[in-house]
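Participant: Take a look at the following structure, please.
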Amino acid sequence: MRYLLPLLLCAATTSGSLLAQQPGGRWDGVAQALGRGGATAGETYRATFPRSDLQVRVGNVAVTPALALTSWAAFAGSADTADVMGDLVLAEREVPIVINGLLGAGFDVTGIHHHLLGESPRILYLHYHGHGPAVQLATRLRQVLARTATPLAEAASAPPPAGVPLDTAALFAALGAHGRLAGNVVQVSVPTSGSAVTLDGHPLPAALGINTAINLQGVTAQRAVTTGDFVLAAARVQPTVRALEGGGIRVTAMHNHLVGETPAAYFVHFWGDGEPLALARGLRAAIDSAR
């Protein structure tokens with residue numbers, strides 16, 4: 001998951017509100033180069049770029065950025081020697097432009113594929129990896145993102161949440177894991193069998209996209225949709241696929257997001273549409289199978 005970013009000129013005009021959101025310390029220059037605030041998780045720094053410009057539907061459901069349409073970049077290491085990984089959400093016409101830009105900027109492209117089925121318009125997800133000075137990586141990444149229609153400026157105010165609120169306490173209890181609320185989307189991250197991998201001899205932090213991610217968006221009081229990806233060791237792929245399908249949750253994609261990790265991590269994407277707690281119980285069975 002990795003693809004974004006234009007010019008350090010906009011860093012020079014960064015507003016005070018952006019600076020107030022910066023985490024302080026080693027990642028200040030990265031936040032400036034990306035032109036927006038982010039969040040720290042342990043030793044990593046993560047910035048997101050919601051594709052609020054895309055109007056995507058699956059059937060009669062409007063897919064919100066928090067559900068499945070947010071590009072991101074996560075940095076780990078030091079200011080002098082950092083790794084960045086992420087996931088770029090792209091319209092089909094943007095894919096060749098971004099591939100050319102990333103390769104020309106010294107990044108590796110590690111995956112290009114769909115995560116959803118039946119969405120309109122079709123969306124692709126591009127995963128990438130870069131290594132080098134952190135600010136240089138951030139600057140080049142932003143330059144690539146500027147070639148797409150991705151909104152790069154911080155939103156002046158958050159748009160009203162789409163859909164209906166979900167009972168987060170009941171969902172967390174059913175899932176057996178706590179998460180957070182992003183608008184009206186419940187987001188949960190849990191470690192599963194594919195979460196302990198190394199790349200170039202170094203363990204990958206969970207914030208670089210190595211934990212299983214589950215998102216649920218309310219549609220009506222009795223209906224929700226869910227999507228995300230399970231991160232799995234080879235031996236847990238088939239049990240998890242069977243658990244998802246057995247719980248009425250469709251498997252929509254299976255692939256790798258990384259190249260050269262040890263052991264190999266497999267990403268199984270899914271889509272569910274139904275009663276919220278029924279979805280949560282199906283996901284809990286899959287979580288149990290994934291560990």
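Residues in the structure tokens are numbered from 1 in each chain, the chains being A, B, ... in the order shown, and ligands are numbered from 1 in the order shown.
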Determine, for each residue of stretch 148-184 of chain A having at least one atom at most 9 Å from an atom of stretch 221-229 of chain A, the closest pair of atoms and their separation in Å to one decimal, counting only C-alpha atoms; order by chain and ascending number, as CSV.

Facilitator:
residue,atom,partner,partner_atom,distance
A:Gly163,CA,A:Ala224,CA,8.9
A:Val164,CA,A:Ala221,CA,6.7
A:Pro165,CA,A:Ala221,CA,7.9
A:Leu166,CA,A:Ala221,CA,7.7

Participant: Please identify which residues in stretch 79-131 of chain A DSSP calls alpha helix (DSSP H) from the backbone, and express them as an MDAnalysis selection string.

Facilitator: chainID A and resid 95:104

Participant: Rank nothing, just name the residue among A:Arg142, A:His255, A:Arg281, A:Arg26 nearest to A:Ser71, using only C-alpha atoms.

Facilitator: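 When distances to A:Ser71 are compared using only C-alpha atoms, the smallest one comes from A:Arg142.
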
Participant: Which residues come within 10 Å of A:Asp167, counting only C-alpha atoms, excluding same-chain residues fewer than 3 positions away, as a PyMOL selection string?

Facilitator: chain A and resi 164+170-172+186+218+221+276-277

Participant: Name the residues of stretch 121-231 of chain A that come out as strand (DSSP E) in a backbone DSSP run; write them as an MDAnalysis selection string.

Facilitator: chainID A and resid 123:132 180:182 185:190 198:199 202:203 212:220 223:231

Participant: Quick one: everything within 12 Å of A:Ala235, counting only C-alpha atoms, minus sequence neighbours fewer than 5 positions away in the same chain. Send it as number ranges by chain.

Facilitator: A: 192-194, 240-241, 263-266, 289-291

Participant: Based on the selection just made, write C-alpha atoms of those residues as a compact mmCIF listing (two decimals), in the first residue's frame.

Facilitator:
# COMPACT_ATOMS: atom_id res chain seq x y z
CA THR A 192 -2.67 -12.24 13.13
CA SER A 193 -0.38 -15.00 11.90
CA GLY A 194 1.24 -12.91 9.16
CA THR A 240 -9.37 -18.05 7.27
CA VAL A 241 -10.87 -18.07 3.78
CA PRO A 263 8.17 -15.45 5.98
CA ALA A 264 5.79 -14.58 3.15
CA ALA A 265 2.71 -12.63 4.27
CA TYR A 266 -0.56 -13.17 2.40
CA SER A 289 -8.80 -18.91 12.40
CA ALA A 290 -6.12 -16.39 11.40
CA ARG A 291 -4.01 -16.68 14.55

Participant: Rank nothing, just name the residue among A:Leu67, A:Ala138, A:Ile97, A:Ala286 nearest to A:Asn184, using only C-alpha atoms.

Facilitator: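 Smallest separation from A:Asn184 among the options: A:Leu67.
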